[in-house]
Structure formats: structure tokens, C-alpha cells
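S.K.: File name structure.pdb; file contents PDB, C-alpha atoms; full text below.
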```pdb
ATOM      1  CA  MET A  27       0.000   0.000   0.000
ATOM      2  CA  THR A  28       1.425   3.376  -1.063
ATOM      3  CA  MET A  29       1.438   6.054   1.623
ATOM      4  CA  ASN A  30       0.009   9.546   1.136
ATOM      5  CA  LYS A  31       3.024  11.722   1.831
ATOM      6  CA  PRO A  32       2.423  14.939   3.786
ATOM      7  CA  ALA A  33       2.485  18.167   1.785
ATOM      8  CA  SER A  34       5.256  19.678   3.914
ATOM      9  CA  ASP A  35       7.835  18.680   6.509
ATOM     10  CA  VAL A  36       5.817  20.580   9.140
ATOM     11  CA  GLN A  37       2.855  18.270   8.529
ATOM     12  CA  ALA A  38       5.257  15.306   8.392
ATOM     13  CA  VAL A  39       6.581  16.145  11.886
ATOM     14  CA  GLU A  40       3.017  16.276  13.234
ATOM     15  CA  LEU A  41       2.171  12.960  11.540
ATOM     16  CA  PHE A  42       5.351  11.382  12.919
ATOM     17  CA  GLY A  43       4.358  12.452  16.451
ATOM     18  CA  GLN A  44       0.907  10.867  16.037
ATOM     19  CA  LYS A  45       2.332   7.608  14.649
ATOM     20  CA  TYR A  46       4.979   7.462  17.387
ATOM     21  CA  ARG A  47       2.346   7.798  20.129
ATOM     22  CA  GLN A  48       0.288   5.035  18.459
ATOM     23  CA  LEU A  49       3.400   2.841  18.294
ATOM     24  CA  LYS A  50       4.089   3.337  21.997
ATOM     25  CA  ALA A  51       0.455   2.526  22.816
ATOM     26  CA  GLU A  52       0.627  -0.750  20.838
ATOM     27  CA  VAL A  53       3.947  -1.773  22.425
ATOM     28  CA  ASN A  54       2.649  -0.897  25.907
ATOM     29  CA  LYS A  55      -0.215  -3.369  25.462
ATOM     30  CA  VAL A  56       2.378  -6.119  25.966
ATOM     31  CA  ILE A  57       5.461  -4.461  27.483
ATOM     32  CA  ILE A  58       4.847  -3.084  30.969
ATOM     33  CA  GLY A  59       7.316  -0.421  32.116
ATOM     34  CA  GLN A  60      10.724  -0.194  30.374
ATOM     35  CA  ASP A  61       9.578   3.131  28.882
ATOM     36  CA  ALA A  62      13.094   4.484  28.298
ATOM     37  CA  VAL A  63      14.169   1.187  26.677
ATOM     38  CA  VAL A  64      11.215   1.272  24.249
ATOM     39  CA  ASP A  65      12.015   4.915  23.410
ATOM     40  CA  ASP A  66      15.666   4.107  22.716
ATOM     41  CA  VAL A  67      14.806   1.109  20.494
ATOM     42  CA  LEU A  68      12.322   3.160  18.436
ATOM     43  CA  ILE A  69      14.732   6.120  18.155
ATOM     44  CA  ALA A  70      17.415   3.739  16.866
ATOM     45  CA  ILE A  71      15.023   2.312  14.242
ATOM     46  CA  PHE A  72      14.043   5.747  12.923
ATOM     47  CA  SER A  73      17.744   6.779  12.982
ATOM     48  CA  ARG A  74      18.697   3.685  10.889
ATOM     49  CA  GLY A  75      20.820   2.393  13.769
ATOM     50  CA  HIS A  76      21.281  -0.951  15.531
ATOM     51  CA  CYS A  77      21.004  -1.722  19.258
ATOM     52  CA  LEU A  78      22.905  -3.840  21.738
ATOM     53  CA  LEU A  79      20.598  -4.768  24.617
ATOM     54  CA  VAL A  80      22.303  -5.779  27.861
ATOM     55  CA  GLY A  81      20.325  -7.299  30.706
ATOM     56  CA  VAL A  82      19.844 -10.413  32.801
ATOM     57  CA  PRO A  83      17.553 -13.201  31.500
ATOM     58  CA  GLY A  84      13.806 -12.857  31.883
ATOM     59  CA  LEU A  85      13.433  -9.094  31.354
ATOM     60  CA  ALA A  86      11.317  -9.475  28.158
ATOM     61  CA  LYS A  87      14.066  -8.455  25.714
ATOM     62  CA  THR A  88      12.868 -10.968  23.089
ATOM     63  CA  LEU A  89       9.220 -10.078  23.688
ATOM     64  CA  LEU A  90      10.040  -6.386  23.285
ATOM     65  CA  VAL A  91      11.675  -6.895  19.878
ATOM     66  CA  ASN A  92       8.873  -9.177  18.687
ATOM     67  CA  THR A  93       6.232  -6.637  19.787
ATOM     68  CA  VAL A  94       8.058  -3.726  18.138
ATOM     69  CA  ALA A  95       8.327  -5.734  14.884
ATOM     70  CA  LYS A  96       4.566  -6.450  14.924
ATOM     71  CA  SER A  97       3.632  -2.819  15.635
ATOM     72  CA  LEU A  98       5.886  -1.670  12.781
ATOM     73  CA  GLY A  99       4.400  -4.198  10.359
ATOM     74  CA  LEU A 100       7.836  -5.712   9.684
ATOM     75  CA  SER A 101       9.153  -9.266   9.350
ATOM     76  CA  PHE A 102      11.051 -10.582  12.367
ATOM     77  CA  ASN A 103      13.517 -13.423  12.914
ATOM     78  CA  ARG A 104      15.180 -14.538  16.125
ATOM     79  CA  ILE A 105      18.610 -16.171  15.878
ATOM     80  CA  GLN A 106      19.916 -17.962  18.962
ATOM     81  CA  PHE A 107      23.690 -17.560  18.848
ATOM     82  CA  THR A 108      25.604 -20.664  19.989
ATOM     83  CA  PRO A 109      29.301 -21.696  19.880
ATOM     84  CA  ASP A 110      28.705 -24.012  16.886
ATOM     85  CA  LEU A 111      26.810 -21.469  14.740
ATOM     86  CA  MET A 112      28.468 -20.899  11.353
ATOM     87  CA  PRO A 113      28.117 -17.871   8.993
ATOM     88  CA  SER A 114      26.139 -19.969   6.474
ATOM     89  CA  ASP A 115      23.616 -20.760   9.233
ATOM     90  CA  ILE A 116      22.567 -17.097   9.359
ATOM     91  CA  ILE A 117      23.323 -15.918   5.797
ATOM     92  CA  GLY A 118      22.050 -18.952   3.901
ATOM     93  CA  SER A 119      23.726 -21.329   1.466
ATOM     94  CA  GLU A 120      23.456 -22.843  -1.996
ATOM     95  CA  ILE A 121      21.970 -26.304  -2.507
ATOM     96  CA  LEU A 122      21.678 -28.526  -5.561
ATOM     97  CA  ASP A 123      17.986 -28.746  -6.425
ATOM     98  CA  GLN A 124      16.128 -31.578  -8.179
ATOM     99  CA  ASP A 125      16.990 -30.086 -11.608
ATOM    100  CA  ARG A 126      20.685 -30.230 -10.679
ATOM    101  CA  GLN A 127      20.852 -26.424 -10.544
ATOM    102  CA  PHE A 128      22.358 -24.493  -7.662
ATOM    103  CA  LYS A 129      19.706 -22.654  -5.688
ATOM    104  CA  PHE A 130      20.323 -20.144  -2.881
ATOM    105  CA  ILE A 131      18.333 -20.764   0.283
ATOM    106  CA  GLN A 132      18.060 -17.581   2.331
ATOM    107  CA  GLY A 133      19.084 -17.706   5.969
ATOM    108  CA  PRO A 134      17.241 -16.053   8.872
ATOM    109  CA  LEU A 135      19.180 -12.810   8.272
ATOM    110  CA  PHE A 136      16.748 -11.997   5.442
ATOM    111  CA  ALA A 137      14.156 -10.161   7.540
ATOM    112  CA  ASN A 138      13.525  -6.542   8.551
ATOM    113  CA  ILE A 139      14.208  -6.965  12.272
ATOM    114  CA  ILE A 140      16.753  -9.483  13.560
ATOM    115  CA  LEU A 141      17.090 -10.443  17.195
ATOM    116  CA  ALA A 142      20.637 -11.764  17.649
ATOM    117  CA  ASP A 143      20.161 -13.484  20.980
ATOM    118  CA  GLU A 144      23.348 -13.685  23.113
ATOM    119  CA  ILE A 145      25.625 -12.481  20.320
ATOM    120  CA  ASN A 146      28.723 -13.015  22.486
ATOM    121  CA  ARG A 147      28.065 -16.796  22.600
ATOM    122  CA  THR A 148      29.161 -17.327  18.976
ATOM    123  CA  PRO A 149      32.700 -17.290  17.496
ATOM    124  CA  PRO A 150      34.113 -14.133  15.818
ATOM    125  CA  LYS A 151      33.625 -15.556  12.300
ATOM    126  CA  THR A 152      29.828 -15.635  12.721
ATOM    127  CA  GLN A 153      29.794 -12.327  14.614
ATOM    128  CA  SER A 154      31.663 -10.775  11.665
ATOM    129  CA  ALA A 155      29.104 -12.098   9.165
ATOM    130  CA  LEU A 156      26.321 -10.421  11.144
ATOM    131  CA  LEU A 157      28.240  -7.179  11.600
ATOM    132  CA  GLU A 158      29.066  -7.027   7.885
ATOM    133  CA  ALA A 159      25.337  -7.297   7.176
ATOM    134  CA  MET A 160      24.672  -4.487   9.659
ATOM    135  CA  GLN A 161      27.196  -2.193   7.993
ATOM    136  CA  GLU A 162      26.607  -3.003   4.310
ATOM    137  CA  LYS A 163      22.888  -3.999   4.455
ATOM    138  CA  ALA A 164      23.952  -6.899   2.208
ATOM    139  CA  VAL A 165      25.551 -10.343   2.489
ATOM    140  CA  THR A 166      28.001 -12.182   0.270
ATOM    141  CA  ALA A 167      27.361 -15.874  -0.364
ATOM    142  CA  ALA A 168      28.725 -18.118  -3.118
ATOM    143  CA  GLY A 169      30.516 -15.135  -4.657
ATOM    144  CA  LEU A 170      27.350 -13.049  -5.048
ATOM    145  CA  THR A 171      26.289 -10.013  -3.049
ATOM    146  CA  ARG A 172      22.633 -10.089  -2.050
ATOM    147  CA  ARG A 173      20.806  -7.067  -0.663
ATOM    148  CA  LEU A 174      18.925  -7.439   2.611
ATOM    149  CA  PRO A 175      15.332  -6.173   2.897
ATOM    150  CA  GLU A 176      14.844  -2.523   3.843
ATOM    151  CA  PRO A 177      14.523  -1.365   6.543
ATOM    152  CA  PHE A 178      17.065  -3.638   8.219
ATOM    153  CA  PHE A 179      17.583  -3.425  11.965
ATOM    154  CA  VAL A 180      19.591  -5.671  14.304
ATOM    155  CA  LEU A 181      18.950  -5.894  18.010
ATOM    156  CA  ALA A 182      21.574  -8.017  19.723
ATOM    157  CA  THR A 183      21.371  -9.135  23.350
ATOM    158  CA  GLN A 184      24.101  -9.902  25.855
ATOM    159  CA  ASN A 185      23.838 -11.532  29.252
ATOM    160  CA  PRO A 186      26.092  -9.522  31.617
ATOM    161  CA  ILE A 187      26.320 -12.265  34.249
ATOM    162  CA  GLU A 188      27.598 -15.547  32.853
ATOM    163  CA  GLN A 189      30.758 -14.822  30.835
ATOM    164  CA  GLU A 190      32.231 -18.350  30.684
ATOM    165  CA  GLY A 191      32.509 -19.693  27.141
ATOM    166  CA  THR A 192      31.750 -16.359  25.518
ATOM    167  CA  TYR A 193      33.477 -14.412  22.741
ATOM    168  CA  PRO A 194      33.243 -10.738  23.757
ATOM    169  CA  LEU A 195      32.765  -8.323  20.869
ATOM    170  CA  PRO A 196      35.887  -6.273  20.044
ATOM    171  CA  GLU A 197      35.586  -2.484  20.332
ATOM    172  CA  ALA A 198      35.575  -2.077  16.523
ATOM    173  CA  GLN A 199      32.528  -4.345  16.300
ATOM    174  CA  LEU A 200      30.775  -2.727  19.266
ATOM    175  CA  ASP A 201      31.179   0.609  17.442
ATOM    176  CA  ARG A 202      28.731  -0.646  14.762
ATOM    177  CA  PHE A 203      25.896  -0.437  17.295
ATOM    178  CA  MET A 204      24.262   2.957  17.657
ATOM    179  CA  PHE A 205      22.931   2.288  21.172
ATOM    180  CA  ASN A 206      24.012   0.133  24.085
ATOM    181  CA  ILE A 207      20.802  -0.112  26.123
ATOM    182  CA  TRP A 208      20.868  -1.340  29.698
ATOM    183  CA  VAL A 209      17.658  -3.219  30.594
ATOM    184  CA  ASP A 210      17.167  -3.088  34.346
ATOM    185  CA  TYR A 211      14.815  -4.934  36.694
ATOM    186  CA  PRO A 212      11.216  -3.636  36.804
ATOM    187  CA  THR A 213       9.959  -1.766  39.839
ATOM    188  CA  TYR A 214       7.783  -3.599  42.359
ATOM    189  CA  GLN A 215       4.567  -2.120  40.901
ATOM    190  CA  GLU A 216       5.654  -2.927  37.330
ATOM    191  CA  GLU A 217       6.529  -6.511  38.246
ATOM    192  CA  LEU A 218       3.153  -6.862  39.957
ATOM    193  CA  ALA A 219       1.448  -5.710  36.741
ATOM    194  CA  VAL A 220       3.633  -8.073  34.645
ATOM    195  CA  VAL A 221       2.751 -11.102  36.776
ATOM    196  CA  ARG A 222      -0.941 -10.182  36.786
ATOM    197  CA  ALA A 223      -0.985  -9.819  32.970
ATOM    198  CA  THR A 224       1.071 -12.912  32.123
ATOM    199  CA  THR A 225      -0.562 -15.431  34.450
ATOM    200  CA  SER A 226      -4.072 -15.008  33.028
ATOM    201  CA  ASP A 227      -5.559 -16.296  29.779
ATOM    202  CA  VAL A 228      -5.976 -12.799  28.267
ATOM    203  CA  HIS A 229      -3.844 -12.212  25.148
ATOM    204  CA  GLN A 230      -3.279  -8.721  23.809
ATOM    205  CA  GLN A 231      -3.476  -8.232  20.029
ATOM    206  CA  VAL A 232      -0.738  -5.941  18.668
ATOM    207  CA  ASN A 233      -1.783  -4.092  15.503
ATOM    208  CA  PRO A 234       0.639  -2.710  12.895
ATOM    209  CA  VAL A 235       0.840   1.095  12.931
ATOM    210  CA  LEU A 236       3.336   1.629  10.092
ATOM    211  CA  ASN A 237       4.628  -0.205   7.040
ATOM    212  CA  ALA A 238       8.111  -0.400   5.490
ATOM    213  CA  GLU A 239       7.490   2.538   3.123
ATOM    214  CA  GLU A 240       6.296   4.823   5.925
ATOM    215  CA  ILE A 241       9.263   3.863   8.111
ATOM    216  CA  ALA A 242      11.675   4.685   5.255
ATOM    217  CA  TYR A 243       9.905   8.044   4.786
ATOM    218  CA  PHE A 244      10.217   8.961   8.468
ATOM    219  CA  GLN A 245      13.868   7.842   8.495
ATOM    220  CA  GLY A 246      14.430  10.334   5.665
ATOM    221  CA  LEU A 247      12.542  13.004   7.619
ATOM    222  CA  VAL A 248      14.911  12.538  10.587
ATOM    223  CA  ARG A 249      17.863  13.174   8.250
ATOM    224  CA  ARG A 250      16.262  16.372   6.865
ATOM    225  CA  ILE A 251      15.827  18.005  10.274
ATOM    226  CA  PRO A 252      18.199  21.034  10.494
ATOM    227  CA  VAL A 253      20.744  21.191  13.325
ATOM    228  CA  PRO A 254      21.928  24.518  14.811
ATOM    229  CA  ASP A 255      25.701  25.055  14.760
ATOM    230  CA  ASN A 256      25.927  25.223  18.569
ATOM    231  CA  VAL A 257      24.278  21.768  18.887
ATOM    232  CA  LEU A 258      26.583  20.308  16.223
ATOM    233  CA  GLU A 259      29.629  21.763  18.002
ATOM    234  CA  TYR A 260      28.407  20.465  21.385
ATOM    235  CA  ALA A 261      27.984  16.909  20.030
ATOM    236  CA  VAL A 262      31.458  16.846  18.463
ATOM    237  CA  LYS A 263      33.016  18.438  21.554
ATOM    238  CA  LEU A 264      31.320  15.840  23.770
ATOM    239  CA  ALA A 265      32.803  12.992  21.704
ATOM    240  CA  THR A 266      36.291  14.539  21.582
ATOM    241  CA  ARG A 267      36.292  15.115  25.358
ATOM    242  CA  THR A 268      36.129  11.325  25.873
ATOM    243  CA  ARG A 269      39.573  10.872  24.271
ATOM    244  CA  PRO A 270      42.443  10.827  26.804
ATOM    245  CA  GLY A 271      45.542  12.889  26.112
ATOM    246  CA  GLN A 272      43.764  15.467  23.935
ATOM    247  CA  PRO A 273      43.817  19.232  24.635
ATOM    248  CA  GLY A 274      40.934  20.143  26.948
ATOM    249  CA  THR A 275      40.215  16.541  28.014
ATOM    250  CA  PRO A 276      38.885  16.470  31.627
ATOM    251  CA  ALA A 277      40.985  14.858  34.365
ATOM    252  CA  MET A 278      38.249  12.209  34.901
ATOM    253  CA  ILE A 279      38.819  10.956  31.333
ATOM    254  CA  ASN A 280      42.634  11.101  31.456
ATOM    255  CA  ASP A 281      42.665   9.188  34.751
ATOM    256  CA  HIS A 282      40.120   6.466  33.979
ATOM    257  CA  ILE A 283      39.799   5.915  30.206
ATOM    258  CA  SER A 284      42.230   4.083  27.900
ATOM    259  CA  TRP A 285      40.394   4.799  24.641
ATOM    260  CA  GLY A 286      37.606   7.254  23.875
ATOM    261  CA  ALA A 287      34.798   7.432  21.330
ATOM    262  CA  GLY A 288      35.534   7.785  17.596
ATOM    263  CA  PRO A 289      33.877  10.020  14.969
ATOM    264  CA  ARG A 290      30.964   7.595  14.579
ATOM    265  CA  ALA A 291      29.882   8.617  18.092
ATOM    266  CA  SER A 292      29.658  12.267  16.967
ATOM    267  CA  GLN A 293      27.505  11.251  14.000
ATOM    268  CA  TYR A 294      25.183   9.170  16.175
ATOM    269  CA  LEU A 295      24.908  11.931  18.797
ATOM    270  CA  VAL A 296      23.624  14.320  16.120
ATOM    271  CA  ILE A 297      21.265  11.886  14.364
ATOM    272  CA  GLY A 298      19.978  10.563  17.723
ATOM    273  CA  ALA A 299      19.357  14.143  18.941
ATOM    274  CA  LYS A 300      17.423  14.866  15.730
ATOM    275  CA  CYS A 301      15.132  11.883  16.251
ATOM    276  CA  HIS A 302      14.746  12.626  19.976
ATOM    277  CA  ALA A 303      13.575  16.170  19.109
ATOM    278  CA  LEU A 304      11.237  14.893  16.398
ATOM    279  CA  VAL A 305       9.619  12.409  18.797
ATOM    280  CA  ARG A 306       8.750  15.362  21.032
ATOM    281  CA  GLY A 307       7.269  17.385  18.174
ATOM    282  CA  ARG A 308      10.160  19.809  17.766
ATOM    283  CA  PHE A 309      11.585  20.812  14.385
ATOM    284  CA  SER A 310      15.203  21.135  15.486
ATOM    285  CA  PRO A 311      17.308  19.513  18.240
ATOM    286  CA  ASP A 312      18.920  21.381  21.133
ATOM    287  CA  ILE A 313      21.723  20.484  23.546
ATOM    288  CA  GLU A 314      19.286  18.670  25.888
ATOM    289  CA  ASP A 315      18.464  16.248  23.045
ATOM    290  CA  VAL A 316      22.163  15.417  22.634
ATOM    291  CA  GLN A 317      22.452  14.828  26.384
ATOM    292  CA  ALA A 318      19.352  12.574  26.337
ATOM    293  CA  VAL A 319      20.977  10.095  23.911
ATOM    294  CA  ALA A 320      24.587  10.471  25.127
ATOM    295  CA  LYS A 321      24.715   7.557  27.610
ATOM    296  CA  PRO A 322      23.504   4.732  25.327
ATOM    297  CA  ILE A 323      25.717   6.066  22.509
ATOM    298  CA  LEU A 324      28.909   6.505  24.527
ATOM    299  CA  ARG A 325      28.807   3.736  27.145
ATOM    300  CA  HIS A 326      30.110   0.981  24.818
ATOM    301  CA  ARG A 327      32.658   3.233  23.110
ATOM    302  CA  LEU A 328      34.717   4.143  26.179
ATOM    303  CA  VAL A 329      37.332   1.633  27.347
ATOM    304  CA  ARG A 330      38.033   1.909  31.079
ATOM    305  CA  ASN A 331      41.589   1.409  32.341
ATOM    306  CA  TYR A 332      42.693  -0.709  35.283
ATOM    307  CA  LYS A 333      42.400   2.217  37.724
ATOM    308  CA  ALA A 334      38.709   2.783  36.857
ATOM    309  CA  GLU A 335      37.925  -0.922  37.251
ATOM    310  CA  ALA A 336      39.825  -1.139  40.545
ATOM    311  CA  GLU A 337      37.961   1.880  41.941
ATOM    312  CA  GLY A 338      34.595   0.591  40.657
ATOM    313  CA  ILE A 339      33.964   3.684  38.516
ATOM    314  CA  THR A 340      31.352   2.878  35.870
ATOM    315  CA  VAL A 341      31.303   4.221  32.314
ATOM    316  CA  ASP A 342      27.914   5.859  33.000
ATOM    317  CA  ARG A 343      29.430   7.799  35.890
ATOM    318  CA  ILE A 344      32.298   8.952  33.644
ATOM    319  CA  VAL A 345      29.845  10.041  30.925
ATOM    320  CA  GLU A 346      27.772  11.953  33.518
ATOM    321  CA  SER A 347      30.916  13.786  34.643
ATOM    322  CA  ILE A 348      31.528  15.236  31.157
ATOM    323  CA  LEU A 349      27.914  16.057  30.249
TER     324      LEU A 349
END
```
Now, as a test, write the supplied structure out as C-alpha cells.

M.R.:
Amino acid sequence: MTMNKPASDVQAVELFGQKYRQLKAEVNKVIIGQDAVVDDVLIAIFSRGHCLLVGVPGLAKTLLVNTVAKSLGLSFNRIQFTPDLMPSDIIGSEILDQDRQFKFIQGPLFANIILADEINRTPPKTQSALLEAMQEKAVTAAGLTRRLPEPFFVLATQNPIEQEGTYPLPEAQLDRFMFNIWVDYPTYQEELAVVRATTSDVHQQVNPVLNAEEIAYFQGLVRRIPVPDNVLEYAVKLATRTRPGQPGTPAMINDHISWGAGPRASQYLVIGAKCHALVRGRFSPDIEDVQAVAKPILRHRLVRNYKAEAEGITVDRIVESIL
């Protein structure tokens, strides 16, 4: 179905606000609490970014992704990453059909939204195949490059507790993710509501609010939003202040960080601020919008040194100190 595009960007911003509120309402039928997590996931989607979701088991990470996929009217595949998973298991492979012709069988990567469950459980070769798909929006198999469906969005999960037998993602691969979202325990009241809702025989129906064409249109709208020079300068300055040994770097960074954020962080700070402003019905981002998306963008791009780990200083605390 072809969408009726708004006559102007002003109308488009208003329409985006309406659709976003409808999306949140559909997701909240199933997901109780976790409001900031839902916001971050949706902002990443409309910013054409990918998310790394970190949280203990049982916090509805899989359910969240599945619900978001349904409300966006997109196809969804869940891939359970295990130590014996090979690149062909996710990309697909060629088989010899009954006519003795080679035929490519698509792997689970050929969907709009991919949940890469426990990405750090699989060897680097398979991680690299996924991360190549994230970067290029295409996969190479049997010497041919095949485009993935648009929009394409990866949400990978990591369990922060059990690290035995895992293959942690290198910093260069972590940098491919726009957001690192920490999923925390629900509050007492939220958990009460979760248990009440999930132990009855009532099933909520999630209805699609958008389609792929509308999502692509709103992703383009986010890119068209103008950014004032002072906001652009603030975002770049924030990223550069995380790099130890640079002129003007705060003592907190020099003392506790080995490596800071690269230029991709500056880009994501600006695009994330644009989407954050748009979600709130504003036509241009300000410094508060940059600050709102700074933690999930920076927390996986800063490498703490031994002193920070010994003193128990978290990356979030370091980010707060430079905001």
C-alpha cells in the first residue's frame, strides 16, 4: 500500500508524532514499564541504527523486539547464537535442487528486524558475518552479493552475568551499534502488573501502525531536520572530550579511560538528537536532546583502564561527569 506523503515537513513532523504515540500505545499493550528502553529502540530504528541490549535473562528483551516488529508491520527473525553457529547458518547457502541447478536458500538474516540473541556466545567468524550485514545492508554468499530487505535493523542481546565460554565483541565491532541499552529490573509495581498480565488467559493483540514505506519516509525526515551550529559543536566536543591525552580533556577521562569514542559517536549523537527532538514534536534539536541520547551512545565506546575498574567507577558515571 502506497502512503500519502504529507504536503510539507511541518505536517510530516506532526504525523510522525501521532504515529509514534500510536506505536508506543501498541507496544505498551504487551510491554509493561521499560519506557526508556522502548524509546531508545524506536529512536534507533528511525535513525537507521542498531542496538545492543544488555540485561539479565527474563526481562522481556525478546518479547520487546517481537512486539516492536509487529507494531511496525515488519518481518522478524530470532537467531539464537551458539558456539557451533556458522556464517552460512545465518546468511544462507546454496543447494543442488532436483533439476541439478544451484539454488540459494536464504538464511534467517533476510528479515527486517533481527534479534541476535546472546551475540557473544558465537565465534568471531559468525559475529563478523552479522556485523558485515549491519554495515553493508547486504551479504556475500557463493561469490554473489545479495541485498537485505529494507529497513534492516539488528537488536543483539548480551547476558552480563555468565561470561564463561563467551566471545566478547571487540571495540571495533561494538562501534557498529548505535545504542548500548541497559535493561534493568522492573519496579515492584511494574513486576506486579507483569505477573498479573502474564498469568491469566488474556492475550493482547498488537496491531501494525506503520509499514516499510512509511518507516523509510520517516527515516528520511529525521535526516532532513536542520541542526543549529551550537548543537553540532556540542555533540562533536562531547565525543572529543572522551579521548584521553587530547587538549581540553577532563581529568576524569585522562585518569580512567584508555580509549575514547571515535567520529561515529559524533555522528550518532547528532542523528539521535534529531530523532529525539522529532519524537517530542520539535523541528530542530537542542543540547538537551544530545544529552538525552549520550549515555547509550557513549557507554560501549569508552574503554576503562585498570584504575577505573579497581575503583569501581562505571562508564555511566564517567559520561555523567563530562555532560

S.K.: State, in Å with one decimal place, the distance from atom CA of Pro177 of chain A to atom CA of Phe203 of chain A.

M.R.: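 We find that atom CA of Pro177 of chain A and atom CA of Phe203 of chain A lie 15.7 Å from each other.
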
S.K.: Run the PyMOL selection byres ((chain A and resi 41-55) around 10) on the file and write out the hits as number ranges by chain.

M.R.: A: 31-32, 35-40, 56-61, 64-65, 68-69, 89-98, 223, 229-236, 240-241, 243-244, 247-248, 304-308

S.K.: Could you check how far atom CA of Asn103 of chain A sits from atom CA of Thr88 of chain A, in Å to one decimal?

M.R.: 10.5 Å

S.K.: Could you give me, as number ranges by chain, the residues that have an atom at most 7 Å away from the point (22.7, 6.5, 12.8) in the coordinates of the file, using all atoms listed in the file?

M.R.: A: 73-75, 204, 293-294, 297-298

S.K.: Which of these, A:Ile339, A:Ser347, A:Gln317, A:Tyr260, has the shortest distance to Ala277 of chain A once you count only C-alpha atoms?

M.R.: A:Ser347

S.K.: Any chance you could work out the axis-aligned box around segment 297-308 of chain A, listed atoms only, 5 Å on each side, giving centre and edge lengths in Å to one decimal, as lines of an AutoDock Vina configuration file?

M.R.:
```
center_x = 14.3
center_y = 15.2
center_z = 17.7
size_x = 24.0
size_y = 19.2
size_z = 16.7
```

S.K.: Pick out the residues sitting within 12 Å of Gln272 of chain A, and hand them over as a list in words; count all atoms listed in the file, and ignore anything fewer than 5 positions along from it in its own chain.

M.R.: Lys263, Ala265, Thr266, Arg267, Ala277, Ile279, Asn280, Trp285 and Gly286 of chain A
